$ cat protein-v8.json   # JSON, C-alpha atoms
[["chain", "number", "residue", "atom", "x", "y", "z"],
["S", 176, "MET", "CA", -100.92, 87.89, 43.32],
["S", 177, "PHE", "CA", -102.17, 90.16, 46.06],
["S", 178, "GLY", "CA", -99.08, 91.37, 47.90],
["S", 179, "TYR", "CA", -99.70, 89.61, 51.21],
["S", 180, "ILE", "CA", -96.78, 87.19, 51.40],
["S", 181, "SER", "CA", -93.87, 88.55, 53.45],
["S", 182, "PRO", "CA", -91.26, 87.33, 55.93],
["S", 183, "ASP", "CA", -91.20, 87.87, 59.67],
["S", 184, "THR", "CA", -88.38, 90.39, 59.29],
["S", 185, "PRO", "CA", -87.01, 90.47, 62.88],
["S", 186, "TYR", "CA", -86.34, 86.73, 62.59],
["S", 187, "LEU", "CA", -84.91, 86.91, 59.06],
["S", 188, "PHE", "CA", -81.17, 86.44, 58.63],
["S", 189, "LYS", "CA", -79.43, 89.31, 56.83],
["S", 190, "LYS", "CA", -78.23, 86.96, 54.10],
["S", 191, "ASP", "CA", -81.81, 85.88, 53.43],
["S", 192, "GLU", "CA", -83.10, 89.46, 53.38],
["S", 193, "THR", "CA", -80.43, 90.26, 50.78],
["S", 194, "LEU", "CA", -81.40, 87.18, 48.76],
["S", 195, "TYR", "CA", -85.12, 88.04, 48.94],
["S", 196, "LYS", "CA", -84.57, 91.56, 47.63],
["S", 197, "ALA", "CA", -82.17, 90.29, 44.96],
["S", 198, "MET", "CA", -84.79, 87.76, 43.80],
["S", 199, "TYR", "CA", -87.37, 90.54, 43.64],
["S", 200, "CYS", "CA", -85.08, 92.74, 41.51],
["S", 201, "GLY", "CA", -84.19, 89.81, 39.28],
["S", 202, "LEU", "CA", -87.85, 89.07, 38.68],
["S", 203, "CYS", "CA", -88.49, 92.71, 37.85],
["S", 204, "LYS", "CA", -85.79, 92.59, 35.16],
["S", 205, "SER", "CA", -87.08, 89.25, 33.90],
["S", 206, "ILE", "CA", -90.57, 90.69, 33.48],
["S", 207, "GLY", "CA", -89.11, 93.51, 31.42],
["S", 208, "LYS", "CA", -87.23, 90.98, 29.31],
["S", 209, "GLY", "CA", -90.21, 88.70, 28.69],
["S", 210, "CYS", "CA", -93.28, 90.94, 28.91],
["S", 211, "GLY", "CA", -92.11, 94.53, 28.44],
["S", 212, "GLN", "CA", -91.37, 97.43, 30.75],
["S", 213, "CYS", "CA", -94.96, 98.35, 31.68],
["S", 214, "ALA", "CA", -95.60, 94.89, 33.11],
["S", 215, "ARG", "CA", -92.84, 95.39, 35.68],
["S", 216, "THR", "CA", -95.08, 97.68, 37.73],
["S", 217, "ALA", "CA", -97.34, 94.74, 38.67],
["S", 218, "LEU", "CA", -94.63, 92.85, 40.56],
["S", 219, "THR", "CA", -95.07, 92.07, 44.27],
["S", 220, "TYR", "CA", -92.91, 90.19, 46.75],
["S", 221, "ASP", "CA", -95.34, 87.27, 46.54],
["S", 222, "MET", "CA", -93.72, 86.15, 43.31],
["S", 223, "ALA", "CA", -90.24, 86.70, 44.76],
["S", 224, "PHE", "CA", -91.18, 84.09, 47.37],
["S", 225, "VAL", "CA", -92.32, 81.72, 44.60],
["S", 226, "SER", "CA", -89.07, 82.35, 42.73],
["S", 227, "ALA", "CA", -86.96, 81.56, 45.80],
["S", 228, "ILE", "CA", -88.77, 78.32, 46.55],
["S", 229, "VAL", "CA", -88.93, 76.94, 42.98],
["S", 230, "HIS", "CA", -85.25, 77.70, 42.34],
["S", 231, "ASN", "CA", -84.45, 75.76, 45.52],
["S", 232, "ILE", "CA", -86.66, 72.78, 44.68],
["S", 233, "ARG", "CA", -85.27, 72.55, 41.15],
["S", 234, "GLY", "CA", -81.70, 72.99, 42.39],
["S", 235, "GLU", "CA", -81.08, 75.96, 40.10],
["S", 236, "ASP", "CA", -78.95, 78.57, 41.84],
["S", 237, "VAL", "CA", -79.15, 82.24, 40.95],
["S", 238, "LYS", "CA", -76.22, 84.47, 40.07],
["S", 239, "ILE", "CA", -76.29, 87.75, 41.96],
["S", 240, "GLU", "CA", -74.50, 90.89, 40.80],
["S", 241, "LYS", "CA", -74.60, 94.52, 41.93],
["S", 242, "GLN", "CA", -76.40, 96.58, 39.31],
["S", 243, "ARG", "CA", -78.42, 99.75, 38.87],
["S", 244, "CYS", "CA", -81.96, 100.03, 37.55],
["S", 245, "VAL", "CA", -84.50, 102.77, 36.86],
["S", 246, "ALA", "CA", -85.96, 102.56, 40.37],
["S", 247, "HIS", "CA", -82.51, 102.45, 42.01],
["S", 248, "PHE", "CA", -80.25, 104.38, 39.68],
["S", 249, "ILE", "CA", -78.07, 106.10, 42.30],
["S", 250, "ARG", "CA", -76.63, 103.11, 44.10],
["S", 251, "ARG", "CA", -75.88, 99.63, 42.81],
["S", 252, "ARG", "CA", -77.64, 96.87, 44.68],
["S", 253, "PRO", "CA", -77.56, 93.04, 44.57],
["S", 254, "MET", "CA", -79.80, 91.68, 41.82],
["S", 255, "ALA", "CA", -80.39, 88.10, 40.68],
["S", 256, "LEU", "CA", -79.66, 87.83, 36.99],
["S", 257, "PRO", "CA", -82.64, 86.78, 34.83],
["S", 258, "ASP", "CA", -82.83, 83.08, 33.96],
["S", 259, "GLY", "CA", -85.33, 80.70, 32.42],
["S", 260, "LEU", "CA", -87.27, 80.24, 35.65],
["S", 261, "THR", "CA", -87.61, 83.95, 36.38],
["S", 262, "VAL", "CA", -88.84, 84.63, 32.84],
["S", 263, "ILE", "CA", -91.56, 81.95, 33.32],
["S", 264, "LEU", "CA", -92.51, 83.45, 36.69],
["S", 265, "GLY", "CA", -92.51, 86.93, 35.18],
["S", 266, "CYS", "CA", -95.04, 85.72, 32.61],
["S", 267, "ALA", "CA", -97.15, 84.22, 35.39],
["S", 268, "ASN", "CA", -97.03, 87.48, 37.36],
["S", 269, "THR", "CA", -98.09, 89.49, 34.31],
["S", 270, "ALA", "CA", -100.95, 87.13, 33.46],
["S", 271, "LEU", "CA", -102.16, 87.11, 37.08],
["S", 272, "ALA", "CA", -102.15, 90.91, 37.17],
["S", 273, "TYR", "CA", -104.07, 91.13, 33.89],
["S", 274, "TYR", "CA", -106.76, 88.65, 34.88],
["S", 275, "LYS", "CA", -107.09, 90.29, 38.32],
["S", 276, "LEU", "CA", -107.85, 93.60, 36.58],
["S", 277, "CYS", "CA", -110.34, 91.84, 34.31],
["S", 278, "ASP", "CA", -112.01, 90.56, 37.48],
["S", 279, "ASP", "CA", -112.00, 94.11, 38.85],
["S", 280, "LYS", "CA", -113.85, 95.19, 35.71],
["S", 281, "ARG", "CA", -116.59, 92.67, 36.49],
["S", 282, "ASP", "CA", -116.78, 94.17, 39.99],
["S", 283, "GLY", "CA", -117.08, 97.69, 38.58],
["S", 284, "GLU", "CA", -113.75, 98.85, 40.02],
["S", 285, "LYS", "CA", -112.32, 102.05, 38.50],
["S", 286, "ARG", "CA", -108.79, 100.65, 38.58],
["S", 287, "ALA", "CA", -109.87, 98.01, 36.05],
["S", 288, "VAL", "CA", -108.99, 100.51, 33.32],
["S", 289, "LEU", "CA", -105.36, 99.64, 34.07],
["S", 290, "ARG", "CA", -105.83, 96.30, 32.32],
["S", 291, "HIS", "CA", -105.18, 98.14, 29.04],
["S", 292, "PHE", "CA", -101.80, 99.10, 30.51],
["S", 293, "TYR", "CA", -100.88, 95.42, 30.86],
["S", 294, "ARG", "CA", -102.55, 94.03, 27.74],
["S", 295, "ARG", "CA", -99.43, 94.08, 25.57],
["S", 296, "GLY", "CA", -97.37, 92.41, 28.30],
["S", 297, "PHE", "CA", -100.09, 89.80, 28.77],
["S", 298, "LYS", "CA", -100.07, 88.99, 25.05],
["S", 299, "LYS", "CA", -96.30, 88.48, 25.20],
["S", 300, "ALA", "CA", -96.65, 86.26, 28.26],
["S", 301, "LYS", "CA", -99.38, 84.21, 26.59],
["S", 302, "LYS", "CA", -97.24, 83.74, 23.48],
["S", 303, "LEU", "CA", -94.23, 82.60, 25.52],
["S", 304, "HIS", "CA", -96.17, 80.35, 27.93],
["S", 305, "PRO", "CA", -99.74, 79.72, 26.73],
["S", 306, "LYS", "CA", -100.24, 77.02, 29.39],
["S", 307, "ILE", "CA", -99.87, 79.63, 32.14],
["S", 308, "ALA", "CA", -102.57, 81.81, 30.59],
["S", 309, "GLU", "CA", -104.82, 78.77, 30.13],
["S", 310, "ILE", "CA", -104.51, 77.75, 33.79],
["S", 311, "ILE", "CA", -105.19, 81.24, 35.11],
["S", 312, "GLU", "CA", -108.09, 81.92, 32.74],
["S", 313, "ARG", "CA", -109.77, 78.59, 33.49],
["S", 314, "GLN", "CA", -109.53, 78.94, 37.26],
["S", 315, "THR", "CA", -110.46, 82.63, 37.17],
["S", 316, "ASP", "CA", -113.62, 81.73, 35.22],
["S", 317, "LEU", "CA", -114.46, 79.03, 37.79],
["S", 318, "GLN", "CA", -113.95, 81.58, 40.57],
["S", 319, "ALA", "CA", -116.23, 84.09, 38.84],
["S", 320, "ALA", "CA", -118.90, 81.40, 38.37],
["S", 321, "LEU", "CA", -118.87, 80.56, 42.09],
["S", 322, "GLU", "CA", -119.17, 84.24, 42.97],
["S", 323, "ARG", "CA", -122.12, 84.69, 40.59],
["S", 324, "GLN", "CA", -123.78, 81.77, 42.41],
["S", 325, "ASN", "CA", -123.15, 83.55, 45.75],
["S", 326, "CYS", "CA", -121.27, 80.54, 47.05],
["S", 327, "ALA", "CA", -121.47, 80.42, 50.86],
["S", 328, "ILE", "CA", -119.11, 77.46, 51.41],
["S", 329, "ILE", "CA", -115.62, 78.69, 52.30],
["S", 330, "ASP", "CA", -113.67, 75.64, 51.06],
["S", 331, "GLU", "CA", -115.56, 75.67, 47.77],
["S", 332, "ALA", "CA", -114.97, 79.39, 47.22],
["S", 333, "CYS", "CA", -111.22, 78.99, 47.88],
["S", 334, "GLU", "CA", -110.83, 76.01, 45.53],
["S", 335, "PRO", "CA", -110.16, 77.77, 42.18],
["S", 336, "THR", "CA", -107.37, 79.96, 43.59],
["S", 337, "ALA", "CA", -105.87, 77.00, 45.46],
["S", 338, "GLN", "CA", -106.00, 74.76, 42.38],
["S", 339, "MET", "CA", -104.56, 77.54, 40.23],
["S", 340, "MET", "CA", -101.48, 77.82, 42.45],
["S", 341, "ALA", "CA", -101.03, 74.04, 42.50],
["S", 342, "GLU", "CA", -101.30, 73.80, 38.70],
["S", 343, "LEU", "CA", -98.94, 76.73, 38.13],
["S", 344, "SER", "CA", -96.41, 75.15, 40.48],
["S", 345, "ARG", "CA", -96.58, 71.87, 38.55],
["S", 346, "TYR", "CA", -95.96, 73.71, 35.28],
["S", 347, "VAL", "CA", -92.98, 75.66, 36.64],
["S", 348, "LEU", "CA", -91.44, 72.77, 38.59],
["S", 349, "GLY", "CA", -91.88, 70.21, 35.82],
["S", 350, "GLU", "CA", -90.28, 66.89, 36.77],
["S", 351, "PHE", "CA", -89.58, 68.25, 40.28],
["S", 352, "ALA", "CA", -93.29, 68.57, 41.11],
["S", 353, "THR", "CA", -94.52, 66.15, 43.79],
["S", 354, "PRO", "CA", -97.64, 65.67, 45.92],
["S", 355, "ALA", "CA", -95.81, 67.65, 48.63],
["S", 356, "THR", "CA", -95.23, 70.66, 46.35],
["S", 357, "ASP", "CA", -98.85, 70.41, 45.21],
["S", 358, "ARG", "CA", -99.99, 70.49, 48.84],
["S", 359, "LEU", "CA", -97.81, 73.47, 49.70],
["S", 360, "PHE", "CA", -98.84, 75.62, 46.75],
["S", 361, "TYR", "CA", -102.50, 74.56, 47.04],
["S", 362, "SER", "CA", -102.46, 75.74, 50.67],
["S", 363, "VAL", "CA", -100.70, 78.99, 49.76],
["S", 364, "GLY", "CA", -103.38, 79.69, 47.14],
["S", 365, "LYS", "CA", -106.16, 78.96, 49.63],
["S", 366, "TRP", "CA", -104.52, 81.25, 52.17],
["S", 367, "ILE", "CA", -104.21, 84.09, 49.65],
["S", 368, "TYR", "CA", -107.94, 83.86, 48.89],
["S", 369, "MET", "CA", -108.91, 83.80, 52.57],
["S", 370, "ALA", "CA", -106.54, 86.63, 53.48],
["S", 371, "ASP", "CA", -107.97, 88.80, 50.72],
["S", 372, "ALA", "CA", -111.58, 88.00, 51.70],
["S", 373, "LEU", "CA", -110.94, 88.93, 55.34],
["S", 374, "ASP", "CA", -108.86, 92.01, 54.53],
["S", 375, "ASP", "CA", -111.42, 93.36, 52.02],
["S", 376, "PHE", "CA", -114.51, 92.41, 54.05],
["S", 377, "GLU", "CA", -115.64, 95.92, 54.95],
["S", 378, "LYS", "CA", -114.91, 97.29, 51.48],
["S", 379, "ASP", "CA", -116.81, 94.44, 49.83],
["S", 380, "VAL", "CA", -119.83, 94.97, 52.11],
["S", 381, "LYS", "CA", -119.82, 98.71, 51.46],
["S", 382, "LYS", "CA", -119.67, 98.26, 47.68],
["S", 383, "GLY", "CA", -122.10, 95.35, 47.58],
["S", 384, "ARG", "CA", -119.52, 92.92, 46.21],
["S", 385, "TYR", "CA", -119.27, 89.20, 46.78],
["S", 386, "ASN", "CA", -117.38, 88.08, 49.86],
["S", 387, "VAL", "CA", -117.48, 84.46, 50.97],
["S", 388, "LEU", "CA", -117.28, 85.39, 54.67],
["S", 389, "LEU", "CA", -120.36, 87.57, 54.38],
["S", 390, "ASN", "CA", -122.25, 84.80, 52.58],
["S", 391, "ALA", "CA", -121.06, 82.13, 54.99],
["S", 392, "PHE", "CA", -121.94, 83.96, 58.20],
["S", 393, "GLY", "CA", -124.53, 86.54, 57.11],
["S", 394, "GLN", "CA", -123.11, 89.25, 59.38],
["S", 395, "PRO", "CA", -122.23, 92.50, 57.52],
["S", 396, "GLU", "CA", -120.40, 94.14, 60.46],
["S", 397, "ARG", "CA", -116.80, 92.96, 60.60],
["S", 398, "GLU", "CA", -116.39, 93.30, 64.36],
["S", 399, "LYS", "CA", -119.59, 91.40, 65.10],
["S", 400, "MET", "CA", -118.75, 88.79, 62.48],
["S", 401, "LEU", "CA", -115.37, 88.17, 64.12],
["S", 402, "ASN", "CA", -116.85, 88.15, 67.62],
["S", 403, "GLU", "CA", -119.46, 85.59, 66.63],
["S", 404, "HIS", "CA", -117.48, 83.47, 64.18],
["S", 405, "GLY", "CA", -113.83, 84.30, 64.85],
["S", 406, "GLU", "CA", -113.03, 80.83, 66.13],
["S", 407, "GLU", "CA", -114.41, 79.25, 62.97],
["S", 408, "ILE", "CA", -112.30, 81.56, 60.82],
["S", 409, "LYS", "CA", -109.21, 80.84, 62.91],
["S", 410, "PHE", "CA", -109.87, 77.13, 62.45],
["S", 411, "VAL", "CA", -109.88, 77.60, 58.66],
["S", 412, "PHE", "CA", -106.58, 79.46, 58.78],
["S", 413, "ASN", "CA", -105.03, 76.90, 61.14],
["S", 414, "SER", "CA", -106.08, 74.10, 58.77],
["S", 415, "ILE", "CA", -104.38, 75.97, 55.92],
["S", 416, "PHE", "CA", -101.20, 76.38, 58.00],
["S", 417, "ALA", "CA", -101.23, 72.64, 58.69],
["S", 418, "GLY", "CA", -101.43, 71.96, 54.95],
["S", 419, "MET", "CA", -98.49, 74.28, 54.32],
["S", 420, "ARG", "CA", -96.37, 72.60, 56.98],
["S", 421, "GLU", "CA", -97.23, 69.14, 55.71],
["S", 422, "GLY", "CA", -96.25, 70.12, 52.17],
["S", 423, "LEU", "CA", -93.11, 71.94, 53.31],
["S", 424, "TYR", "CA", -91.77, 69.00, 55.32],
["S", 425, "GLY", "CA", -92.23, 66.64, 52.37],
["S", 426, "ILE", "CA", -90.15, 68.71, 49.94],
["S", 427, "ASP", "CA", -86.58, 67.83, 49.04],
["S", 428, "PHE", "CA", -84.79, 71.18, 49.02],
["S", 429, "LYS", "CA", -81.46, 71.42, 47.25],
["S", 430, "PHE", "CA", -80.14, 74.51, 49.08],
["S", 431, "ASN", "CA", -80.55, 76.25, 52.42],
["S", 432, "HIS", "CA", -84.24, 77.09, 52.91],
["S", 433, "ASP", "CA", -84.14, 79.49, 55.87],
["S", 434, "LEU", "CA", -85.81, 82.23, 53.79],
["S", 435, "THR", "CA", -88.83, 80.22, 52.67],
["S", 436, "ASP", "CA", -89.15, 78.56, 56.10],
["S", 437, "ASN", "CA", -89.32, 82.01, 57.65],
["S", 438, "ILE", "CA", -92.04, 83.12, 55.23],
["S", 439, "ILE", "CA", -94.17, 79.98, 55.48],
["S", 440, "LEU", "CA", -93.78, 79.19, 59.17],
["S", 441, "ARG", "CA", -93.57, 82.72, 60.59],
["S", 442, "GLY", "CA", -94.40, 85.40, 58.02],
["S", 443, "ILE", "CA", -97.71, 84.01, 56.74],
["S", 444, "PRO", "CA", -99.14, 83.28, 60.24],
["S", 445, "LEU", "CA", -98.03, 86.76, 61.35],
["S", 446, "LYS", "CA", -99.72, 88.41, 58.37],
["S", 447, "SER", "CA", -102.86, 86.41, 59.12],
["S", 448, "ARG", "CA", -102.97, 87.76, 62.68],
["S", 449, "GLN", "CA", -102.43, 91.30, 61.40],
["S", 450, "ILE", "CA", -105.33, 90.94, 58.97],
["S", 451, "PHE", "CA", -107.57, 89.34, 61.59],
["S", 452, "TYR", "CA", -107.00, 92.17, 64.05],
["S", 453, "GLY", "CA", -107.20, 94.88, 61.38],
["S", 454, "LYS", "CA", -103.52, 95.87, 61.45],
["S", 455, "CYS", "CA", -102.69, 94.97, 57.88],
["S", 456, "GLY", "CA", -102.95, 96.58, 54.47],
["S", 457, "LYS", "CA", -101.83, 95.24, 51.14],
["S", 458, "LYS", "CA", -98.51, 96.67, 50.06],
["S", 459, "GLY", "CA", -98.09, 97.83, 46.52],
["S", 460, "VAL", "CA", -94.97, 97.63, 44.44],
["S", 461, "HIS", "CA", -94.00, 101.23, 45.19],
["S", 462, "ASP", "CA", -94.15, 100.65, 48.95],
["S", 463, "GLU", "CA", -91.95, 97.59, 48.55],
["S", 464, "GLN", "CA", -89.40, 99.49, 46.51],
["S", 465, "LYS", "CA", -89.14, 102.12, 49.23],
["S", 466, "GLU", "CA", -88.31, 99.40, 51.77],
["S", 467, "SER", "CA", -85.75, 97.70, 49.54]]

$ encode --input "protein-v8.json" --output "structure tokens"
Amino acid sequence: MFGYISPDTPYLFKKDETLYKAMYCGLCKSIGKGCGQCARTALTYDMAFVSAIVHNIRGEDVKIEKQRCVAHFIRRRPMALPDGLTVILGCANTALAYYKLCDDKRDGEKRAVLRHFYRRGFKKAKKLHPKIAEIIERQTDLQAALERQNCAIIDEACEPTAQMMAELSRYVLGEFATPATDRLFYSVGKWIYMADALDDFEKDVKKGRYNVLLNAFGQPEREKMLNEHGEEIKFVFNSIFAGMREGLYGIDFKFNHDLTDNIILRGIPLKSRQIFYGKCGKKGVHDEQKES
């Protein structure tokens, strides 16, 4: 995942903020349990959102206890205890991080060397849940093929990431997966791809890397591209938001869903506006830990 998904904090209830952070800490511990300690450094709040929503859809409540950890060893804080779902999601997070770094290697990024740091954790994740690795590898290869072809069609370029999220959701949700959950996670995947393309536009142009917005509109200057084609880009994002809302309203939640409603209906549109107007940067795990 890319670290874009976040709530609209001023409109987030305190109970939901506590739950969100507890889910994050629980996932961190689950990654350590399933994939090893090194893999924990790849965690973002994106997967905490996924954890919150899939627990709710499956009707599996989390048990929260105050504990210490390496990052927060002075003061105990609420943490969701690891369970079967968080171990699965921890494997997905580790595999996503590993394949993202493999993609960075293809792009000639220096940080790609970090893939060796996650290789052992990835092997553990693949052994525990080979289907997860198969889904991510297949869709990542399709994404790379489209980029090699210099795909200039936005919907086509977004498709592998969108399908990957839908397929992963079906695997994790099992019998609780529905067309509505498919629609929601498909739209979330498409949004992640578009958010990353817009956020990294200038960097991609400077380094001569593929970016679907550059190929689609042929304008290498971000400001001019947005002035000339901003309404088209907003239309794409608004279509994605409509897909999210349609999926969200068709889901049978078992518990209160104020947290995930806030993220989907307020947080994601807010982050989109921040990216569009150049007021957003991806947050890494260390930044998130400082806020928690």

$ closest_atom_pairs --input "protein-v8.json" --of "range 336-376 of chain S" --to "range 215-238 of chain S" --cutoff "12 Å" --atoms "only C-alpha atoms" --output "Markdown table"
| residue | atom | partner | partner_atom | distance |
| --- | --- | --- | --- | --- |
| S:Met340 | CA | S:Val225 | CA | 10.2 |
| S:Ala341 | CA | S:Val225 | CA | 11.8 |
| S:Leu343 | CA | S:Val225 | CA | 10.5 |
| S:Ser344 | CA | S:Val229 | CA | 8.1 |
| S:Arg345 | CA | S:Val229 | CA | 10.2 |
| S:Tyr346 | CA | S:Val229 | CA | 10.9 |
| S:Val347 | CA | S:Val229 | CA | 7.6 |
| S:Leu348 | CA | S:Val229 | CA | 6.6 |
| S:Gly349 | CA | S:Arg233 | CA | 8.8 |
| S:Glu350 | CA | S:Arg233 | CA | 8.7 |
| S:Phe351 | CA | S:Arg233 | CA | 6.2 |
| S:Ala352 | CA | S:Ile232 | CA | 8.6 |
| S:Thr353 | CA | S:Ile232 | CA | 10.3 |
| S:Ala355 | CA | S:Ile232 | CA | 11.2 |
| S:Thr356 | CA | S:Ile232 | CA | 9.0 |
| S:Leu359 | CA | S:Ile228 | CA | 10.7 |
| S:Phe360 | CA | S:Val225 | CA | 9.2 |
| S:Val363 | CA | S:Val225 | CA | 10.2 |
| S:Gly364 | CA | S:Asp221 | CA | 11.1 |
| S:Ile367 | CA | S:Asp221 | CA | 9.9 |

$ write_last_selection --input "protein-v8.json" --atoms "C-alpha atoms" --output "PDB file, in the frame of the given file"
ATOM      1  CA  MET S 340    -101.480  77.820  42.450  1.00  0.00           C
ATOM      2  CA  ALA S 341    -101.030  74.040  42.500  1.00  0.00           C
ATOM      3  CA  LEU S 343     -98.940  76.730  38.130  1.00  0.00           C
ATOM      4  CA  SER S 344     -96.410  75.150  40.480  1.00  0.00           C
ATOM      5  CA  ARG S 345     -96.580  71.870  38.550  1.00  0.00           C
ATOM      6  CA  TYR S 346     -95.960  73.710  35.280  1.00  0.00           C
ATOM      7  CA  VAL S 347     -92.980  75.660  36.640  1.00  0.00           C
ATOM      8  CA  LEU S 348     -91.440  72.770  38.590  1.00  0.00           C
ATOM      9  CA  GLY S 349     -91.880  70.210  35.820  1.00  0.00           C
ATOM     10  CA  GLU S 350     -90.280  66.890  36.770  1.00  0.00           C
ATOM     11  CA  PHE S 351     -89.580  68.250  40.280  1.00  0.00           C
ATOM     12  CA  ALA S 352     -93.290  68.570  41.110  1.00  0.00           C
ATOM     13  CA  THR S 353     -94.520  66.150  43.790  1.00  0.00           C
ATOM     14  CA  ALA S 355     -95.810  67.650  48.630  1.00  0.00           C
ATOM     15  CA  THR S 356     -95.230  70.660  46.350  1.00  0.00           C
ATOM     16  CA  LEU S 359     -97.810  73.470  49.700  1.00  0.00           C
ATOM     17  CA  PHE S 360     -98.840  75.620  46.750  1.00  0.00           C
ATOM     18  CA  VAL S 363    -100.700  78.990  49.760  1.00  0.00           C
ATOM     19  CA  GLY S 364    -103.380  79.690  47.140  1.00  0.00           C
ATOM     20  CA  ILE S 367    -104.210  84.090  49.650  1.00  0.00           C
TER      21      ILE S 367
END

$ closest_residue --input "protein-v8.json" --among "S:Pro185, S:Pro257, S:Pro305, S:Gly178" --to "Leu202 in chain S" --atoms "all atoms listed in the file"
S:Pro257

$ closest_residue --input "protein-v8.json" --among "S:Gly393, S:Gly211, S:Pro182, S:Gly422" --to "Phe297 in chain S" --atoms "only C-alpha atoms"
S:Gly211

$ closest_residue --input "protein-v8.json" --among "S:Cys210, S:Pro354, S:Arg313, S:Trp366" --to "Arg294 in chain S" --atoms "all atoms listed in the file"
S:Cys210

$ closest_residue --input "protein-v8.json" --among "S:Tyr385, S:Cys333, S:Ser362, S:Ile310" --to "Ile439 in chain S" --atoms "all atoms listed in the file"
S:Ser362

$ atom_distance --input "protein-v8.json" --atom1 "CA of Ile450 in chain S" --atom2 "CA of Asn325 in chain S"
23.4 Å

$ atom_distance --input "protein-v8.json" --atom1 "CA of Ala308 in chain S" --atom2 "CA of Ala270 in chain S"
6.3 Å

$ residues_around --input "protein-v8.json" --residues "Gln242 in chain S" --least-positions-apart "6" --cutoff "10 Å" --atoms "only C-alpha atoms" --output "NGL selection string"
:S and (200 or 248 or 250-256)

$ axis_aligned_box --input "protein-v8.json" --around "range 403-420 of chain S" --padding-each-side "8 Å" --output "AutoDock Vina command-line options"
--center_x -107.9 --center_y 78.8 --center_z 60.5 --size_x 39.1 --size_y 29.6 --size_z 28.3

$ closest_residue --input "protein-v8.json" --among "S:Leu321, S:Ala246, S:Leu440, S:Ile239" --to "Glu421 in chain S" --atoms "all atoms listed in the file"
S:Leu440

$ atom_distance --input "protein-v8.json" --atom1 "CA of Gly453 in chain S" --atom2 "CA of Val380 in chain S"
15.7 Å

$ closest_residue --input "protein-v8.json" --among "S:Cys203, S:Glu396, S:Arg448, S:Arg286" --to "Gly265 in chain S" --atoms "all atoms listed in the file"
S:Cys203

$ residues_around --input "protein-v8.json" --residues "Asp374 in chain S" --least-positions-apart "2" --cutoff "8 Å" --atoms "all atoms listed in the file" --output "number ranges by chain"
S: 370-372, 376-377, 450-451, 453, 455-456

$ decode --input "protein-v8.json" --residues "range 312-354 of chain S" --atoms "C-alpha atoms" --output "short mmCIF file (atom, residue, chain, number, x, y, z; two decimals), in the first residue's frame"
data_model
loop_
_atom_site.label_atom_id
_atom_site.label_comp_id
_atom_site.auth_asym_id
_atom_site.auth_seq_id
_atom_site.Cartn_x
_atom_site.Cartn_y
_atom_site.Cartn_z
CA GLU S 312 2.37 -11.08 -8.41
CA ARG S 313 -0.12 -11.63 -11.24
CA GLN S 314 -1.62 -8.15 -11.04
CA THR S 315 1.79 -6.51 -10.54
CA ASP S 316 3.02 -8.22 -13.72
CA LEU S 317 -0.06 -6.98 -15.61
CA GLN S 318 0.61 -3.48 -14.31
CA ALA S 319 4.24 -3.63 -15.42
CA ALA S 320 3.18 -4.86 -18.88
CA LEU S 321 0.80 -1.91 -19.32
CA GLU S 322 3.53 0.51 -18.27
CA ARG S 323 6.00 -1.04 -20.74
CA GLN S 324 3.37 -0.46 -23.44
CA ASN S 325 3.11 3.21 -22.35
CA CYS S 326 -0.62 2.82 -21.77
CA ALA S 327 -2.36 6.19 -22.17
CA ILE S 328 -5.87 5.09 -21.10
CA ILE S 329 -6.47 5.95 -17.44
CA ASP S 330 -9.10 3.28 -16.71
CA GLU S 331 -6.93 0.59 -18.31
CA ALA S 332 -3.83 1.65 -16.35
CA CYS S 333 -5.77 1.56 -13.05
CA GLU S 334 -7.29 -1.88 -13.70
CA PRO S 335 -4.57 -4.19 -12.28
CA THR S 336 -4.38 -2.35 -8.93
CA ALA S 337 -8.18 -2.16 -8.73
CA GLN S 338 -8.59 -5.85 -9.54
CA MET S 339 -5.84 -6.76 -7.08
CA MET S 340 -7.68 -5.06 -4.22
CA ALA S 341 -10.97 -6.71 -5.20
CA GLU S 342 -9.36 -10.17 -5.38
CA LEU S 343 -7.52 -9.72 -2.08
CA SER S 344 -10.76 -8.64 -0.42
CA ARG S 345 -12.52 -11.76 -1.70
CA TYR S 346 -9.76 -13.96 -0.31
CA VAL S 347 -9.81 -12.30 3.12
CA LEU S 348 -13.60 -12.01 3.40
CA GLY S 349 -14.30 -15.54 2.15
CA GLU S 350 -18.01 -16.33 2.37
CA PHE S 351 -18.73 -12.71 3.38
CA ALA S 352 -17.54 -11.35 0.01
CA THR S 353 -20.31 -9.84 -2.14
CA PRO S 354 -20.57 -7.74 -5.30
#
